[in-house]
Amino acid sequence: MTDTSVSRPQGPAPAPLPPSRWNRYIAAVTGRRSKWAVLAAWVLVLMVAGGFAAKLSQVQDNDPASWLPADSQSTRAVEIAERHFADHDRATAVVVYTRDGGLTPADLAKADADRRTAPGATAATRSADGKAVLFSAPVPMASNDNTVLGDAVDKLRKTTSAGAPSGLDIRVTGQAGTIADYIDAYSGMDGALLGVTLAIVTLVLLVTYRSPVLWLVPLLATFLGTWIAMGVVYLLAKHADLKVDGQSSYVLTVLALGVGTDYALLLIARYREELGRRADRHEAMAHALHRCLPAVTASAATVVIASLCLVFGKMNNTQGLGPVIAIGVAVVCLAAVSLLPALLICLGRWVFWPRRPTVQAPRSDGGPWRRLATAIDARPRRIWVGTALVLAALAAASFTLDSGQRLDEQFTKTTDAIAGQRQIGRHFAAGSSEPADIYVADAQAATTLARAAKVPGVAAVAKERSSGGYTHLTAVFADEPDTPSARATVTRVRDALDGSGAVVGGQTAVALDTSHAQGTEEAVLIPLILAVVLAMLVLLLRAVTASLLLIASVVLSYGAALGLAGLLYRALGHPHIDRGLLLFGFLFLVALGIDYTIFLMSRAREEAHLHGHRAGIRDGLSLTGGVITSAGLVLAATFSVLVVLPTVGALQQGLLIAGGVLLDTLVVRSLLVPALALDAGKRIWWPTRIED
């Protein structure tokens, strides 16, 4: 039905929808009857997949050993332990008791009583200074159910703390304690993170639209898309062996809400613009979709394909993260270009109240973005050179980043496992809580033990047991687990045992193999992601020169974001990063950062065909400046909520992506790219020909 409450301007009727490969899809979404079918289809999908979204946390696997590549020694060590030593689905907890003034007979009796109640516990070991005693015990775990290990460690902590003599400090650490702390950190965070993210998106939308009604529509469409995506990921993790951990789960929530809101903002801005030209809201939405679909789908396709490149990574969690991101972006993009348009058409113009758009004659925009575009046009070279120098200076600070993050630096607060590790480091050989595991054929056991004991950095080597033709040795290091010196000791042990058939595993070996795998991933995936982004730009813009310049701009922006983040990390007292942050940041800042440039340059190309190159760049910036800035603020704000998570990795990810998005939105897209395009002139569109 046509809106009849708006005045019609004098003049020719609006032009019909230009021919396009999207016309059939647009007609289905904006049709007077078919829009109801679109809404019904989304309700049906929500009923089927949405019910599984709340179960996503149940399929997370947060055991670092399960993320490793199949060809690493750490993985082979796990496989031998499970096959020959019945160590399948269990982890080792270390319980340490300390008293600064020295352990009393009551303390020792308590430790012994606790040890006897723990099935499979080792003999107690007392420190030389008489201030500490420890034992280890296996606890059950399940790769597809975090509650198994979490409940077991929680029970052990309650058992050991019950009836403890006053002043006795008791901690549960080791592999099981660390995993349990991660489970506690992320337990219940999916709902909390979703709530905080929704609150932030709501606030930004209220400020953007200044309408008590309109903000609900994009928020509803994006939330439903995110919820359905979570349900799809759950089903794939449950039934198709998709790897999902705490990181990929919270990234899915934040990314889907942020990106979905970006697409919604772009569509609504174009829809409002078309409502000012056309009295019929169905026609207005059809024209808005016709103009937005190429940019939105190209943006989403870039992120989806770039993230799917992660399946070529070596780490299992990297391989799992790619499909999770792809599913989230694909679903919220589909919601933005189908569910959202149908909702807006059904609701009519009143949804924009109190700034209800009316049909009016075209008028020039003399706002701040037009003034900025004019200022850049006056001095383009000075602006892009100055901006590039500032970004390069920030990028230089990225060389101060240190990737040597230790276990006790992975949480923003001291957990029980970290406190226990520190107590062990004070009273025993620092590596006692996480000895390295060495598995070797029985015939080589004695020789292997003797060779390993001579390696610098090894405090002690002991034979644990033999089974299935293999002998299990444990090597206690002089240094704390997962420190650079401990990793160096793992390398020396492996070199010393080379040729014996022995494999070296354990927590420090896992960290070492993880770092090596991440380095390989960077060398393979970063060029692959760049190639994907470049190809998508060329396909969308049909301009090789512009695509190369835009790729250079996002790489420079990524370097500047790393430098800015490094300065923030040091200021907050978390200077060391996990090496995986580099690839994580590159994927998001390049694949997502190019979004805003796609939005800008696709509109600039559209206007340039109508009004010439210089006017096209000015119009592109002035017409998209407000909505893209709002979109950037939404995405930066959503990623900033990661700082509420109690892990340093999440905090660093949030600061890196939020800071990078703001740099890209406010500096690169607003200053550098328009100035470069204006200074380069019409040859930036080569091989396409556009007049000045």
# chains A, B, ... in the order shown; residues from 1 in each chain; ligands from 1
$ residues_around --residues "A:His472" --least-positions-apart "2" --cutoff "10 Å" --atoms "only C-alpha atoms" --output "ChimeraX atom specification"
/A:77,80-81,84-85,437-442,445,462-467,470,474,502
$ write_last_selection --atoms "all heavy atoms" --output "compact mmCIF listing (two decimals), in the first residue's frame"
# COMPACT_ATOMS: atom_id res chain seq x y z
N ALA A 77 52.43 -36.74 22.13
CA ALA A 77 52.54 -37.13 23.54
C ALA A 77 51.16 -37.39 24.13
O ALA A 77 50.96 -38.35 24.88
CB ALA A 77 53.27 -36.03 24.32
N ILE A 80 49.84 -40.76 22.80
CA ILE A 80 50.47 -41.91 23.46
C ILE A 80 49.90 -42.09 24.86
O ILE A 80 49.60 -43.21 25.30
CB ILE A 80 52.00 -41.73 23.51
CG1 ILE A 80 52.59 -41.81 22.10
CG2 ILE A 80 52.64 -42.80 24.41
CD1 ILE A 80 54.07 -41.46 22.03
N ALA A 81 49.73 -40.98 25.58
CA ALA A 81 49.19 -41.05 26.94
C ALA A 81 47.79 -41.64 26.93
O ALA A 81 47.44 -42.47 27.79
CB ALA A 81 49.18 -39.67 27.56
N HIS A 84 48.08 -45.63 25.50
CA HIS A 84 48.83 -46.64 26.24
C HIS A 84 48.79 -46.48 27.75
O HIS A 84 49.14 -47.42 28.48
CB HIS A 84 50.30 -46.64 25.78
CG HIS A 84 50.47 -46.95 24.32
ND1 HIS A 84 50.27 -48.21 23.79
CD2 HIS A 84 50.81 -46.15 23.27
CE1 HIS A 84 50.49 -48.19 22.48
NE2 HIS A 84 50.82 -46.94 22.15
N PHE A 85 48.39 -45.31 28.24
CA PHE A 85 48.42 -45.09 29.69
C PHE A 85 47.05 -44.73 30.26
O PHE A 85 46.95 -44.25 31.38
CB PHE A 85 49.43 -44.00 30.04
CG PHE A 85 50.86 -44.39 29.77
CD1 PHE A 85 51.42 -44.16 28.53
CD2 PHE A 85 51.61 -45.02 30.74
CE1 PHE A 85 52.73 -44.53 28.26
CE2 PHE A 85 52.93 -45.40 30.49
CZ PHE A 85 53.49 -45.16 29.24
N ASP A 437 56.36 -34.14 30.13
CA ASP A 437 56.11 -35.57 29.93
C ASP A 437 56.98 -36.07 28.79
O ASP A 437 56.99 -35.50 27.70
CB ASP A 437 54.64 -35.82 29.59
CG ASP A 437 53.71 -35.42 30.73
OD1 ASP A 437 53.95 -35.86 31.86
OD2 ASP A 437 52.75 -34.66 30.47
N ILE A 438 57.72 -37.16 29.04
CA ILE A 438 58.55 -37.79 28.01
C ILE A 438 58.07 -39.22 27.83
O ILE A 438 58.00 -39.98 28.80
CB ILE A 438 60.04 -37.77 28.40
CG1 ILE A 438 60.53 -36.35 28.68
CG2 ILE A 438 60.89 -38.42 27.31
CD1 ILE A 438 61.95 -36.27 29.20
N TYR A 439 57.72 -39.56 26.60
CA TYR A 439 57.28 -40.91 26.29
C TYR A 439 58.27 -41.53 25.31
O TYR A 439 58.60 -40.94 24.28
CB TYR A 439 55.88 -40.91 25.67
CG TYR A 439 54.82 -40.39 26.63
CD1 TYR A 439 54.42 -39.05 26.60
CD2 TYR A 439 54.23 -41.24 27.56
CE1 TYR A 439 53.46 -38.58 27.47
CE2 TYR A 439 53.26 -40.77 28.44
CZ TYR A 439 52.88 -39.44 28.39
OH TYR A 439 51.94 -38.97 29.28
N VAL A 440 58.74 -42.75 25.66
CA VAL A 440 59.77 -43.40 24.86
C VAL A 440 59.57 -44.91 24.93
O VAL A 440 58.99 -45.42 25.90
CB VAL A 440 61.18 -43.01 25.35
CG1 VAL A 440 61.43 -43.55 26.75
CG2 VAL A 440 62.27 -43.43 24.38
N ALA A 441 60.04 -45.61 23.91
CA ALA A 441 59.95 -47.07 23.92
C ALA A 441 60.71 -47.62 25.12
O ALA A 441 61.75 -47.08 25.54
CB ALA A 441 60.51 -47.63 22.62
N ASP A 442 60.20 -48.73 25.66
CA ASP A 442 60.80 -49.30 26.88
C ASP A 442 62.30 -49.54 26.73
O ASP A 442 63.07 -49.30 27.66
CB ASP A 442 60.10 -50.61 27.23
CG ASP A 442 58.67 -50.40 27.70
OD1 ASP A 442 58.35 -49.26 28.12
OD2 ASP A 442 57.86 -51.35 27.63
N ALA A 445 64.33 -46.47 27.51
CA ALA A 445 63.96 -45.69 28.69
C ALA A 445 65.16 -45.28 29.54
O ALA A 445 65.30 -44.11 29.93
CB ALA A 445 62.97 -46.48 29.54
N ALA A 462 62.32 -38.49 36.46
CA ALA A 462 61.90 -39.70 37.17
C ALA A 462 61.06 -40.57 36.25
O ALA A 462 60.37 -40.07 35.36
CB ALA A 462 61.09 -39.34 38.41
N LYS A 463 61.14 -41.89 36.49
CA LYS A 463 60.31 -42.83 35.74
C LYS A 463 58.97 -42.95 36.47
O LYS A 463 58.92 -43.21 37.66
CB LYS A 463 60.99 -44.19 35.65
CG LYS A 463 60.15 -45.24 34.96
CD LYS A 463 60.86 -46.59 34.91
CE LYS A 463 59.97 -47.66 34.28
NZ LYS A 463 60.63 -48.99 34.23
N GLU A 464 57.89 -42.77 35.72
CA GLU A 464 56.56 -42.89 36.31
C GLU A 464 56.04 -44.32 36.19
O GLU A 464 55.75 -44.98 37.18
CB GLU A 464 55.59 -41.93 35.61
CG GLU A 464 55.89 -40.46 35.87
CD GLU A 464 55.71 -40.07 37.32
OE1 GLU A 464 54.69 -40.47 37.93
OE2 GLU A 464 56.59 -39.38 37.85
N ARG A 465 55.91 -44.82 34.96
CA ARG A 465 55.38 -46.16 34.75
C ARG A 465 55.60 -46.57 33.30
O ARG A 465 55.95 -45.74 32.45
CB ARG A 465 53.88 -46.22 35.08
CG ARG A 465 53.08 -45.12 34.43
CD ARG A 465 51.63 -45.11 34.86
NE ARG A 465 50.97 -43.90 34.40
CZ ARG A 465 49.69 -43.83 34.10
NH1 ARG A 465 48.93 -44.91 34.20
NH2 ARG A 465 49.15 -42.69 33.71
N SER A 466 55.39 -47.88 33.04
CA SER A 466 55.50 -48.42 31.68
C SER A 466 54.20 -49.10 31.32
O SER A 466 53.54 -49.71 32.17
CB SER A 466 56.65 -49.42 31.58
OG SER A 466 57.90 -48.79 31.83
N SER A 467 53.83 -49.00 30.02
CA SER A 467 52.59 -49.62 29.56
C SER A 467 52.58 -49.65 28.04
O SER A 467 53.00 -48.68 27.40
CB SER A 467 51.37 -48.85 30.08
OG SER A 467 50.17 -49.41 29.59
N TYR A 470 55.65 -48.59 26.04
CA TYR A 470 56.18 -47.24 26.25
C TYR A 470 56.46 -47.01 27.73
O TYR A 470 55.79 -47.58 28.61
CB TYR A 470 55.20 -46.18 25.77
CG TYR A 470 55.20 -45.97 24.28
CD1 TYR A 470 54.38 -46.75 23.46
CD2 TYR A 470 56.00 -45.01 23.69
CE1 TYR A 470 54.36 -46.56 22.09
CE2 TYR A 470 55.99 -44.81 22.32
CZ TYR A 470 55.17 -45.60 21.52
OH TYR A 470 55.16 -45.40 20.16
N THR A 474 58.93 -38.23 33.67
CA THR A 474 58.59 -36.82 33.94
C THR A 474 59.87 -36.06 34.24
O THR A 474 60.74 -36.54 34.98
CB THR A 474 57.62 -36.69 35.13
OG1 THR A 474 58.17 -37.34 36.28
CG2 THR A 474 56.27 -37.30 34.79
N ALA A 502 61.82 -40.59 21.25
CA ALA A 502 61.09 -40.00 22.37
C ALA A 502 60.32 -38.76 21.92
O ALA A 502 60.77 -38.03 21.03
CB ALA A 502 62.05 -39.65 23.50
$ residues_around --residues "A:Thr147" --least-positions-apart "3" --cutoff "12 Å" --atoms "only C-alpha atoms" --output "PyMOL selection string"
chain A and resi 57-62+140-144+150-155+179-180+182-184+187
$ select_by_dssp --residues "stretch 22-182 of chain A" --states "strand (DSSP E or B)" --output "PyMOL selection string"
chain A and resi 90-98+125-126+132-140+142+145+169-173
$ residues_around --residues "A:Ser557" --least-positions-apart "4" --cutoff "12 Å" --atoms "only C-alpha atoms" --output "MDAnalysis selection string"
chainID A and resid 387:396 398 550:553 561:564 585:586 588:594 597 656:657 659:669 672:673
$ residues_around --residues "A:Gly681" --least-positions-apart "5" --cutoff "12 Å" --atoms "only C-alpha atoms" --output "list in words"
Asp377, Pro380, Arg381, Thr545, Ala546, Ala608, Gly612, His613, Arg614, Ala615, Gly616, Ile617, Pro674, Ala675, Leu676, Trp686, Arg689, Ile690, Glu691 and Asp692 of chain A
$ closest_residue --among "A:Leu275, A:Gly519, A:Ala54, A:Val207" --to "A:Thr253" --atoms "only C-alpha atoms"
A:Ala54
$ atom_distance --atom1 "atom CA of A:Thr483" --atom2 "atom CA of A:Thr415"
17.9 Å
$ closest_residue --among "A:Gln444, A:Ala128, A:Ile345, A:Ala162" --to "A:Gly469" --atoms "only C-alpha atoms"
A:Gln444
$ residues_around --residues "A:Val29" --least-positions-apart "5" --cutoff "12 Å" --atoms "only C-alpha atoms" --output "PyMOL selection string"
chain A and resi 22-24+34-41+282-283+285-290+334-346
$ write_last_selection --atoms "N, CA and C atoms" --output "CSV table (one decimal), in the first residue's frame"
chain,number,residue,atom,x,y,z
A,22,TRP,N,20.2,-8.1,-9.0
A,22,TRP,CA,19.6,-8.2,-7.7
A,22,TRP,C,18.1,-7.9,-7.8
A,23,ASN,N,17.6,-7.6,-8.9
A,23,ASN,CA,16.2,-7.2,-9.0
A,23,ASN,C,15.2,-8.2,-8.5
A,24,ARG,N,15.4,-9.5,-8.8
A,24,ARG,CA,14.5,-10.5,-8.4
A,24,ARG,C,14.5,-10.6,-6.9
A,34,SER,N,5.1,-10.4,-0.5
A,34,SER,CA,6.2,-11.3,-0.2
A,34,SER,C,7.0,-10.9,1.0
A,35,LYS,N,6.9,-9.6,1.4
A,35,LYS,CA,7.6,-9.2,2.6
A,35,LYS,C,7.1,-9.9,3.8
A,36,TRP,N,5.8,-10.3,3.8
A,36,TRP,CA,5.3,-11.1,4.9
A,36,TRP,C,5.8,-12.5,4.9
A,37,ALA,N,6.1,-13.0,3.8
A,37,ALA,CA,6.7,-14.3,3.7
A,37,ALA,C,8.1,-14.3,4.2
A,38,VAL,N,8.8,-13.2,3.9
A,38,VAL,CA,10.2,-13.0,4.5
A,38,VAL,C,10.2,-13.1,6.0
A,39,LEU,N,9.2,-12.3,6.6
A,39,LEU,CA,9.1,-12.3,8.1
A,39,LEU,C,8.8,-13.7,8.6
A,40,ALA,N,7.9,-14.4,7.9
A,40,ALA,CA,7.5,-15.7,8.4
A,40,ALA,C,8.6,-16.7,8.3
A,41,ALA,N,9.5,-16.6,7.2
A,41,ALA,CA,10.6,-17.4,7.1
A,41,ALA,C,11.6,-17.2,8.2
A,282,HIS,N,7.6,1.1,-0.4
A,282,HIS,CA,8.1,-0.1,-1.1
A,282,HIS,C,9.1,0.2,-2.1
A,283,GLU,N,8.8,1.3,-2.9
A,283,GLU,CA,9.7,1.7,-3.9
A,283,GLU,C,11.0,2.3,-3.3
A,285,MET,N,12.4,1.5,-0.5
A,285,MET,CA,13.3,0.4,0.0
A,285,MET,C,13.9,-0.4,-1.1
A,286,ALA,N,13.2,-0.5,-2.2
A,286,ALA,CA,13.7,-1.2,-3.4
A,286,ALA,C,14.9,-0.5,-3.9
A,287,HIS,N,14.8,0.8,-4.0
A,287,HIS,CA,16.0,1.6,-4.5
A,287,HIS,C,17.1,1.7,-3.5
A,288,ALA,N,16.8,1.7,-2.2
A,288,ALA,CA,17.8,1.7,-1.2
A,288,ALA,C,18.6,0.4,-1.3
A,289,LEU,N,17.9,-0.8,-1.4
A,289,LEU,CA,18.5,-2.1,-1.5
A,289,LEU,C,19.4,-2.1,-2.8
A,290,HIS,N,18.8,-1.6,-3.9
A,290,HIS,CA,19.6,-1.6,-5.1
A,290,HIS,C,20.9,-0.9,-5.0
A,334,LEU,N,22.6,-11.4,6.1
A,334,LEU,CA,21.3,-11.8,5.5
A,334,LEU,C,20.1,-11.2,6.2
A,335,ALA,N,20.2,-11.1,7.6
A,335,ALA,CA,19.2,-10.4,8.4
A,335,ALA,C,19.1,-8.9,8.0
A,336,ALA,N,20.2,-8.3,7.7
A,336,ALA,CA,20.3,-6.9,7.4
A,336,ALA,C,19.6,-6.6,6.1
A,337,VAL,N,19.7,-7.5,5.1
A,337,VAL,CA,19.2,-7.2,3.8
A,337,VAL,C,17.9,-8.0,3.5
A,338,SER,N,17.3,-8.6,4.5
A,338,SER,CA,16.0,-9.3,4.2
A,338,SER,C,15.1,-9.0,5.4
A,339,LEU,N,15.4,-9.4,6.6
A,339,LEU,CA,14.6,-9.2,7.7
A,339,LEU,C,14.4,-7.7,8.0
A,340,LEU,N,15.5,-7.0,8.1
A,340,LEU,CA,15.4,-5.6,8.4
A,340,LEU,C,14.6,-4.8,7.3
A,341,PRO,N,14.8,-4.9,6.0
A,341,PRO,CA,13.9,-4.2,5.1
A,341,PRO,C,12.5,-4.6,5.2
A,342,ALA,N,12.2,-5.8,5.4
A,342,ALA,CA,10.7,-6.2,5.5
A,342,ALA,C,10.1,-5.6,6.8
A,343,LEU,N,10.8,-5.6,7.9
A,343,LEU,CA,10.3,-4.9,9.1
A,343,LEU,C,10.1,-3.4,8.9
A,344,LEU,N,11.0,-2.8,8.3
A,344,LEU,CA,10.9,-1.3,8.0
A,344,LEU,C,9.7,-1.0,7.1
A,345,ILE,N,9.5,-1.8,6.1
A,345,ILE,CA,8.4,-1.5,5.2
A,345,ILE,C,7.1,-1.7,5.9
A,346,CYS,N,7.0,-2.8,6.7
A,346,CYS,CA,5.8,-3.1,7.4
A,346,CYS,C,5.4,-2.0,8.4
$ atom_distance --atom1 "atom CA of A:Gln652" --atom2 "atom CA of A:Ala511"
18.7 Å
$ closest_residue --among "A:Gly246, A:Leu56, A:Gly313, A:Gly225" --to "A:Val332" --atoms "only C-alpha atoms"
A:Gly225
$ closest_residue --among "A:Ala300, A:Ala176, A:Leu556, A:Ala330" --to "A:Val148" --atoms "only C-alpha atoms"
A:Ala176
$ atom_distance --atom1 "atom CA of A:Val385" --atom2 "atom CA of A:Leu678"
12.7 Å
$ residues_around --residues "A:Pro527" --least-positions-apart "6" --cutoff "12 Å" --atoms "only C-alpha atoms" --output "PyMOL selection string"
chain A and resi 306+309-310+520-521+533-534+551+555+583+586-587+590
$ select_by_dssp --residues "stretch 56-227 of chain A" --states "alpha helix (DSSP H)" --output "VMD selection string"
chain A and resid 73 to 84 105 to 117 146 to 161 174 to 186 189 to 209 216 to 227
$ closest_residue --among "A:Thr471, A:Leu220, A:Leu206, A:Asp114" --to "A:Lys158" --atoms "only C-alpha atoms"
A:Asp114
$ decode --residues "stretch 203-247 of chain A" --atoms "C-alpha atoms" --output "PDB file, in the first residue's frame"
ATOM      1  CA  LEU A 203      22.967   3.545  23.474  1.00  0.00           C
ATOM      2  CA  VAL A 204      24.785   4.290  20.211  1.00  0.00           C
ATOM      3  CA  LEU A 205      21.601   3.767  18.178  1.00  0.00           C
ATOM      4  CA  LEU A 206      19.619   6.070  20.471  1.00  0.00           C
ATOM      5  CA  VAL A 207      22.230   8.796  20.064  1.00  0.00           C
ATOM      6  CA  THR A 208      22.421   8.223  16.307  1.00  0.00           C
ATOM      7  CA  TYR A 209      18.702   8.218  15.520  1.00  0.00           C
ATOM      8  CA  ARG A 210      17.340  10.321  18.404  1.00  0.00           C
ATOM      9  CA  SER A 211      14.137   8.350  18.070  1.00  0.00           C
ATOM     10  CA  PRO A 212      12.371   6.382  20.813  1.00  0.00           C
ATOM     11  CA  VAL A 213      11.253   3.753  18.277  1.00  0.00           C
ATOM     12  CA  LEU A 214      13.644   3.430  15.332  1.00  0.00           C
ATOM     13  CA  TRP A 215      16.597   2.024  17.317  1.00  0.00           C
ATOM     14  CA  LEU A 216      14.547  -1.063  18.203  1.00  0.00           C
ATOM     15  CA  VAL A 217      14.219  -2.214  14.589  1.00  0.00           C
ATOM     16  CA  PRO A 218      17.921  -2.657  13.654  1.00  0.00           C
ATOM     17  CA  LEU A 219      18.633  -3.941  17.153  1.00  0.00           C
ATOM     18  CA  LEU A 220      15.918  -6.585  16.859  1.00  0.00           C
ATOM     19  CA  ALA A 221      17.030  -7.709  13.392  1.00  0.00           C
ATOM     20  CA  THR A 222      20.697  -7.885  14.418  1.00  0.00           C
ATOM     21  CA  PHE A 223      19.973  -9.654  17.696  1.00  0.00           C
ATOM     22  CA  LEU A 224      17.829 -12.290  15.997  1.00  0.00           C
ATOM     23  CA  GLY A 225      20.537 -12.838  13.388  1.00  0.00           C
ATOM     24  CA  THR A 226      23.180 -13.198  16.105  1.00  0.00           C
ATOM     25  CA  TRP A 227      21.010 -15.586  18.116  1.00  0.00           C
ATOM     26  CA  ILE A 228      20.345 -17.787  15.096  1.00  0.00           C
ATOM     27  CA  ALA A 229      24.056 -17.794  14.215  1.00  0.00           C
ATOM     28  CA  MET A 230      24.860 -18.984  17.741  1.00  0.00           C
ATOM     29  CA  GLY A 231      22.345 -21.795  17.321  1.00  0.00           C
ATOM     30  CA  VAL A 232      23.879 -22.843  13.990  1.00  0.00           C
ATOM     31  CA  VAL A 233      27.376 -22.873  15.507  1.00  0.00           C
ATOM     32  CA  TYR A 234      26.117 -25.012  18.399  1.00  0.00           C
ATOM     33  CA  LEU A 235      24.621 -27.560  16.010  1.00  0.00           C
ATOM     34  CA  LEU A 236      27.831 -27.766  13.967  1.00  0.00           C
ATOM     35  CA  ALA A 237      29.955 -28.108  17.103  1.00  0.00           C
ATOM     36  CA  LYS A 238      27.665 -30.790  18.482  1.00  0.00           C
ATOM     37  CA  HIS A 239      27.183 -32.849  15.340  1.00  0.00           C
ATOM     38  CA  ALA A 240      29.875 -31.857  12.814  1.00  0.00           C
ATOM     39  CA  ASP A 241      32.991 -31.658  15.042  1.00  0.00           C
ATOM     40  CA  LEU A 242      33.393 -27.876  14.656  1.00  0.00           C
ATOM     41  CA  LYS A 243      35.950 -26.681  17.203  1.00  0.00           C
ATOM     42  CA  VAL A 244      34.539 -23.991  19.499  1.00  0.00           C
ATOM     43  CA  ASP A 245      36.344 -22.502  22.482  1.00  0.00           C
ATOM     44  CA  GLY A 246      35.731 -19.553  24.785  1.00  0.00           C
ATOM     45  CA  GLN A 247      37.435 -17.139  22.407  1.00  0.00           C
TER      46      GLN A 247
END
